[in-house]
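Colleague: To be precise about what I am sending: the file is called upload_29.cif and holds mmCIF, C-alpha atoms.
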```
data_run
loop_
_atom_site.group_PDB
_atom_site.id
_atom_site.type_symbol
_atom_site.label_atom_id
_atom_site.label_comp_id
_atom_site.auth_asym_id
_atom_site.auth_seq_id
_atom_site.Cartn_x
_atom_site.Cartn_y
_atom_site.Cartn_z
ATOM 1 C CA MET A 1 49.844 164.431 150.875
ATOM 2 C CA SER A 2 48.916 160.753 150.849
ATOM 3 C CA ARG A 3 45.782 159.303 152.446
ATOM 4 C CA THR A 4 47.899 157.546 155.063
ATOM 5 C CA GLN A 5 49.607 160.818 155.988
ATOM 6 C CA ARG A 6 46.253 162.559 156.336
ATOM 7 C CA LEU A 7 44.992 159.828 158.643
ATOM 8 C CA PHE A 8 48.158 159.988 160.739
ATOM 9 C CA ILE A 9 47.611 163.732 161.174
ATOM 10 C CA VAL A 10 44.078 163.130 162.457
ATOM 11 C CA LEU A 11 45.352 160.336 164.710
ATOM 12 C CA ALA A 12 47.919 162.678 166.260
ATOM 13 C CA LEU A 13 45.281 165.378 166.771
ATOM 14 C CA ASN A 14 42.964 162.958 168.555
ATOM 15 C CA LEU A 15 45.662 161.608 170.862
ATOM 16 C CA ALA A 16 46.942 165.111 171.675
ATOM 17 C CA LEU A 17 43.492 166.211 172.855
ATOM 18 C CA VAL A 18 42.473 163.158 174.897
ATOM 19 C CA ALA A 19 44.565 163.833 178.023
ATOM 20 C CA ALA A 20 43.586 167.520 178.249
ATOM 21 C CA LEU A 21 39.886 166.750 177.831
ATOM 22 C CA VAL A 22 39.884 164.017 180.462
ATOM 23 C CA VAL A 23 41.714 166.199 182.998
ATOM 24 C CA VAL A 24 39.388 169.158 182.420
ATOM 25 C CA GLY A 25 36.307 166.936 182.414
ATOM 26 C CA VAL A 26 37.184 165.484 185.815
ATOM 27 C CA THR A 27 38.231 168.763 187.448
ATOM 28 C CA ALA A 28 35.331 170.790 185.995
ATOM 29 C CA HIS A 29 32.739 168.017 186.639
ATOM 30 C CA SER A 30 31.709 168.176 182.988
ATOM 31 C CA LEU A 31 30.138 165.075 181.456
ATOM 32 C CA ALA A 32 30.192 166.692 178.027
ATOM 33 C CA VAL A 33 33.966 167.259 178.144
ATOM 34 C CA LEU A 34 34.555 163.708 179.410
ATOM 35 C CA ALA A 35 32.436 162.460 176.529
ATOM 36 C CA GLU A 36 34.646 164.435 174.150
ATOM 37 C CA GLY A 37 37.755 162.784 175.589
ATOM 38 C CA GLY A 38 36.292 159.294 175.305
ATOM 39 C CA ASP A 39 35.087 160.026 171.798
ATOM 40 C CA TYR A 40 38.517 161.217 170.694
ATOM 41 C CA LEU A 41 40.181 158.134 172.159
ATOM 42 C CA LEU A 42 37.701 155.921 170.367
ATOM 43 C CA ASP A 43 38.225 157.877 167.162
ATOM 44 C CA ALA A 44 41.961 157.259 167.445
ATOM 45 C CA ALA A 45 41.200 153.542 167.473
ATOM 46 C CA GLY A 46 38.949 154.035 164.451
ATOM 47 C CA VAL A 47 41.730 155.799 162.562
ATOM 48 C CA GLY A 48 43.979 152.867 163.406
ATOM 49 C CA VAL A 49 41.404 150.499 161.910
ATOM 50 C CA ALA A 50 41.209 152.623 158.752
ATOM 51 C CA LEU A 51 45.010 152.648 158.450
ATOM 52 C CA LEU A 52 45.037 148.872 158.841
ATOM 53 C CA ALA A 53 42.436 148.545 156.098
ATOM 54 C CA ILE A 54 44.527 150.691 153.743
ATOM 55 C CA TRP A 55 47.617 148.607 154.516
ATOM 56 C CA LEU A 56 45.738 145.349 153.861
ATOM 57 C CA THR A 57 44.322 146.687 150.601
ATOM 58 C CA ALA A 58 47.746 147.753 149.308
ATOM 59 C CA ARG A 59 49.599 144.654 150.551
ATOM 60 C CA PRO A 60 50.814 142.243 147.837
ATOM 61 C CA ALA A 61 48.954 139.012 148.396
ATOM 62 C CA SER A 62 47.472 135.919 146.861
ATOM 63 C CA ARG A 63 44.449 136.069 144.599
ATOM 64 C CA ALA A 64 42.151 135.144 147.492
ATOM 65 C CA ARG A 65 43.486 138.058 149.532
ATOM 66 C CA ARG A 66 43.203 140.403 146.554
ATOM 67 C CA ASP A 67 39.575 139.360 146.106
ATOM 68 C CA GLY A 68 38.891 140.219 149.744
ATOM 69 C CA ALA A 69 40.878 143.431 149.761
ATOM 70 C CA PRO A 70 38.025 145.707 148.546
ATOM 71 C CA LYS A 71 36.013 144.653 151.604
ATOM 72 C CA ALA A 72 38.660 145.754 154.093
ATOM 73 C CA PRO A 73 37.905 149.514 154.056
ATOM 74 C CA ASN A 74 34.190 148.803 154.337
ATOM 75 C CA VAL A 75 34.698 146.494 157.309
ATOM 76 C CA ALA A 76 36.864 149.190 158.904
ATOM 77 C CA ALA A 77 34.059 151.720 158.408
ATOM 78 C CA LEU A 78 31.543 149.300 159.926
ATOM 79 C CA VAL A 79 33.695 148.705 163.011
ATOM 80 C CA ASN A 80 34.367 152.407 163.460
ATOM 81 C CA ALA A 81 30.701 153.410 163.137
ATOM 82 C CA GLY A 82 29.696 150.590 165.480
ATOM 83 C CA TRP A 83 32.134 151.740 168.153
ATOM 84 C CA LEU A 84 30.866 155.295 167.802
ATOM 85 C CA LEU A 85 27.249 154.149 168.181
ATOM 86 C CA VAL A 86 28.029 152.233 171.389
ATOM 87 C CA LEU A 87 29.882 155.205 172.865
ATOM 88 C CA GLU A 88 27.045 157.600 172.092
ATOM 89 C CA ALA A 89 24.568 155.225 173.761
ATOM 90 C CA ILE A 90 26.690 155.299 176.935
ATOM 91 C CA VAL A 91 26.935 159.103 176.838
ATOM 92 C CA ALA A 92 23.186 159.459 176.282
ATOM 93 C CA ALA A 93 22.410 157.198 179.250
ATOM 94 C CA ALA A 94 24.782 159.106 181.561
ATOM 95 C CA ALA A 95 23.415 162.480 180.406
ATOM 96 C CA ALA A 96 19.821 161.384 180.915
ATOM 97 C CA ASP A 97 20.697 160.183 184.417
ATOM 98 C CA ARG A 98 22.167 163.594 185.315
ATOM 99 C CA LEU A 99 19.153 165.407 183.925
ATOM 100 C CA VAL A 100 16.836 163.271 186.055
ATOM 101 C CA THR A 101 18.839 163.047 189.283
ATOM 102 C CA GLY A 102 20.508 166.465 189.174
ATOM 103 C CA THR A 103 23.677 167.948 187.674
ATOM 104 C CA PRO A 104 26.647 168.829 189.901
ATOM 105 C CA GLN A 105 28.241 172.278 189.653
ATOM 106 C CA VAL A 106 30.207 172.659 186.412
ATOM 107 C CA ASP A 107 33.160 175.049 186.034
ATOM 108 C CA GLY A 108 32.385 176.879 182.787
ATOM 109 C CA LEU A 109 35.735 178.563 182.070
ATOM 110 C CA PRO A 110 37.930 175.452 181.517
ATOM 111 C CA VAL A 111 35.054 173.837 179.614
ATOM 112 C CA LEU A 112 34.899 176.843 177.292
ATOM 113 C CA ILE A 113 38.656 177.012 176.738
ATOM 114 C CA VAL A 114 39.453 173.340 176.143
ATOM 115 C CA SER A 115 36.340 172.709 174.038
ATOM 116 C CA GLY A 116 36.951 175.812 171.934
ATOM 117 C CA ILE A 117 40.484 174.653 171.193
ATOM 118 C CA ALA A 118 39.238 171.137 170.446
ATOM 119 C CA ALA A 119 36.613 172.472 168.033
ATOM 120 C CA LEU A 120 39.227 174.420 166.054
ATOM 121 C CA VAL A 121 41.698 171.531 165.986
ATOM 122 C CA MET A 122 39.140 168.961 164.854
ATOM 123 C CA ALA A 123 37.675 171.329 162.258
ATOM 124 C CA GLY A 124 41.178 171.496 160.793
ATOM 125 C CA GLY A 125 41.381 167.708 160.834
ATOM 126 C CA ALA A 126 38.021 167.468 159.066
ATOM 127 C CA LEU A 127 39.259 169.787 156.301
ATOM 128 C CA VAL A 128 42.329 167.590 155.819
ATOM 129 C CA LEU A 129 40.182 164.474 155.467
ATOM 130 C CA ARG A 130 37.549 166.215 153.342
ATOM 131 C CA ARG A 131 40.180 167.085 150.754
ATOM 132 C CA ASP A 132 41.192 163.423 150.617
ATOM 133 C CA ASP A 133 37.564 162.258 150.412
ATOM 134 C CA ASP A 134 36.938 164.622 147.471
ATOM 135 C CA ASP A 135 40.144 163.820 145.609
ATOM 136 C CA ARG A 136 40.249 160.050 145.979
ATOM 137 C CA GLN A 137 37.386 157.952 144.660
ATOM 138 C CA ASP A 138 37.237 154.383 143.503
ATOM 139 C CA GLU A 139 36.611 153.398 139.899
ATOM 140 C CA ALA A 140 32.847 153.374 140.455
ATOM 141 C CA GLY A 141 32.942 156.961 141.679
ATOM 142 C CA GLU A 142 32.176 155.996 145.277
ATOM 143 C CA HIS A 143 34.047 157.362 148.264
ATOM 144 C CA ASP A 144 36.170 155.086 150.462
ATOM 145 C CA LEU A 145 33.878 154.420 153.411
ATOM 146 C CA SER A 146 36.740 153.747 155.816
ATOM 147 C CA VAL A 147 37.905 157.334 155.355
ATOM 148 C CA ALA A 148 34.274 158.518 155.291
ATOM 149 C CA ALA A 149 33.750 156.964 158.720
ATOM 150 C CA VAL A 150 36.780 158.771 160.123
ATOM 151 C CA LEU A 151 35.596 162.003 158.459
ATOM 152 C CA LEU A 152 32.193 161.558 160.107
ATOM 153 C CA ASP A 153 33.849 161.112 163.484
ATOM 154 C CA THR A 154 36.028 164.189 162.997
ATOM 155 C CA VAL A 155 33.151 166.433 161.901
ATOM 156 C CA ALA A 156 31.083 165.142 164.816
ATOM 157 C CA ASP A 157 33.975 165.875 167.169
ATOM 158 C CA ALA A 158 34.258 169.456 165.937
ATOM 159 C CA ALA A 159 30.504 170.019 166.238
ATOM 160 C CA ALA A 160 30.372 168.427 169.666
ATOM 161 C CA ALA A 161 33.281 170.509 170.929
ATOM 162 C CA ALA A 162 31.651 173.699 169.628
ATOM 163 C CA GLY A 163 28.419 172.817 171.396
ATOM 164 C CA VAL A 164 30.207 172.058 174.643
ATOM 165 C CA ALA A 165 32.181 175.323 174.376
ATOM 166 C CA ALA A 166 28.916 177.249 173.950
ATOM 167 C CA SER A 167 27.398 175.571 177.009
ATOM 168 C CA GLY A 168 30.562 176.371 178.972
ATOM 169 C CA ALA A 169 30.254 180.034 177.983
ATOM 170 C CA ILE A 170 26.620 180.178 179.129
ATOM 171 C CA ILE A 171 27.426 178.424 182.420
ATOM 172 C CA LEU A 172 30.313 180.833 182.967
ATOM 173 C CA ALA A 173 28.107 183.868 182.272
ATOM 174 C CA THR A 174 25.174 182.746 184.420
ATOM 175 C CA HIS A 175 27.064 180.859 187.154
ATOM 176 C CA SER A 176 24.212 178.378 186.948
ATOM 177 C CA TRP A 177 22.345 176.524 184.217
ATOM 178 C CA TYR A 178 24.489 173.464 184.955
ATOM 179 C CA TRP A 179 21.855 171.281 183.346
ATOM 180 C CA LEU A 180 23.091 172.562 179.969
ATOM 181 C CA ASP A 181 26.149 170.309 180.252
ATOM 182 C CA PRO A 182 24.270 166.958 180.191
ATOM 183 C CA ALA A 183 21.628 168.430 177.860
ATOM 184 C CA VAL A 184 24.269 169.288 175.256
ATOM 185 C CA ALA A 185 25.943 165.908 175.753
ATOM 186 C CA LEU A 186 22.602 164.128 175.198
ATOM 187 C CA THR A 187 21.748 166.161 172.087
ATOM 188 C CA ILE A 188 25.125 165.545 170.493
ATOM 189 C CA ALA A 189 24.974 161.838 171.324
ATOM 190 C CA LEU A 190 21.597 161.450 169.603
ATOM 191 C CA ILE A 191 22.684 163.354 166.475
ATOM 192 C CA VAL A 192 25.943 161.448 166.105
ATOM 193 C CA ALA A 193 24.185 158.118 166.738
ATOM 194 C CA HIS A 194 21.717 158.908 163.943
ATOM 195 C CA HIS A 195 24.531 159.532 161.455
ATOM 196 C CA ALA A 196 26.412 156.452 162.654
ATOM 197 C CA ILE A 197 23.359 154.273 161.983
ATOM 198 C CA ALA A 198 23.040 155.775 158.497
ATOM 199 C CA LEU A 199 26.687 154.983 157.783
ATOM 200 C CA ILE A 200 26.290 151.411 159.063
ATOM 201 C CA ARG A 201 23.377 150.868 156.686
ATOM 202 C CA LYS A 202 25.414 152.207 153.770
ATOM 203 C CA VAL A 203 28.337 149.912 154.623
ATOM 204 C CA VAL A 204 26.091 146.852 154.909
ATOM 205 C CA ILE A 205 24.614 147.569 151.482
ATOM 206 C CA ARG A 206 28.116 147.975 150.010
ATOM 207 C CA LEU A 207 29.306 144.702 151.591
ATOM 208 C CA ARG A 208 26.288 142.839 150.224
ATOM 209 C CA HIS A 209 27.034 144.203 146.777
ATOM 210 C CA LEU A 210 30.680 143.120 147.011
ATOM 211 C CA GLY A 211 29.601 139.671 148.162
ATOM 212 C CA GLN A 212 27.451 139.044 145.106
ATOM 213 C CA PRO A 213 29.003 136.880 142.385
ATOM 214 C CA ALA A 214 30.225 138.748 139.334
#
```
Would you kindly transcribe this structure into structure tokens?
Modeller:
Amino acid sequence: MSRTQRLFIVLALNLALVAALVVVGVTAHSLAVLAEGGDYLLDAAGVGVALLAIWLTARPASRARRDGAPKAPNVAALVNAGWLLVLEAIVAAAAADRLVTGTPQVDGLPVLIVSGIAALVMAGGALVLRRDDDDRQDEAGEHDLSVAAVLLDTVADAAAAAGVAASGAIILATHSWYWLDPAVALTIALIVAHHAIALIRKVVIRLRHLGQPA
């Protein structure tokens, strides 16, 4: 299976989950599920950026374009990680607001079901991308950061969905503890933001290295 095919699989998985997550998030009053839906939609855009970078790298072009081609995947990774960081900042702010002002009643059952399914689906997507990330390295032995960024998003999605599913199960069992929903959303946002910042730093270092004269 080619890298492009793997990315298309992850793109389809993201798009297939967005509508269900948004509907459940609105009807169940779950900020965490809504955050999942927004994250998956943003990830779909990130996969599109990675696919564009691969197409630009493989495209026959002039020498000037060939010289710039190695930067394309790194720029794609930078854009993707940047989008993810902005989204997590928005989620963290909304979650903190609910924790301070009060959390509305959350319906735990649909949160548990849809997030459990999302966790399994995105874990499968992460395995698909992980195989590609292990098998395909550049000549220097370094992984393609455009695919690494998408892999980060997919792993984060699976972890986030699992956390939201667990909170849904607890809310369902207790018929209370609604504060868990924004608390889980805030925790996930902070963890993902930390990894996004680390990836951005790695990409910036790589781009500086590529920009140095041979």
Colleague: Can you tell me how far CA of Ala160 (chain A) sits from CA of Ala89 (chain A), in Å to one decimal?
Modeller: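 So the two atoms, CA of Ala160 (chain A) and CA of Ala89 (chain A), lie 15.0 Å apart.
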Colleague: So what does the PyMOL selection byres ((chain A and resi 188) around 9) actually pick up in this one, as a list in words?
Modeller: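 Evaluating the PyMOL selection byres ((chain A and resi 188) around 9) on these coordinates yields Glu88, Ala92, Ala156, Ala159, Ala160, Gly163, Ala183, Val184, Ala185, Leu186, Thr187, Ala189, Leu190, Ile191, Val192 and Ala193 of chain A.
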Colleague: Go ahead and compute the interatomic distance for CA of Val75 (chain A) and CA of Val203 (chain A), in Å to one decimal.
Modeller: 7.7 Å
Colleague: If you apply the PyMOL selection byres ((chain A and resi 32-36) around 9) to this file, what residues do you get, as a count of residues only?
Modeller: 34
Colleague: Neighbours of Thr154 (chain A) within 12 Å (all atoms listed in the file; same-chain residues fewer than 2 positions away dropped), as an MDAnalysis selection string?
Modeller: chainID A and resid 7 9:11 13:14 36 39:44 46:47 80 84 118:130 147:152 156:161 192
Colleague: Provide the CA of Ile171 (chain A) to CA of Val86 (chain A) distance in Å, to one decimal place.
Modeller: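 Spanning CA of Ile171 (chain A) to CA of Val86 (chain A) is a straight-line distance of 28.4 Å.
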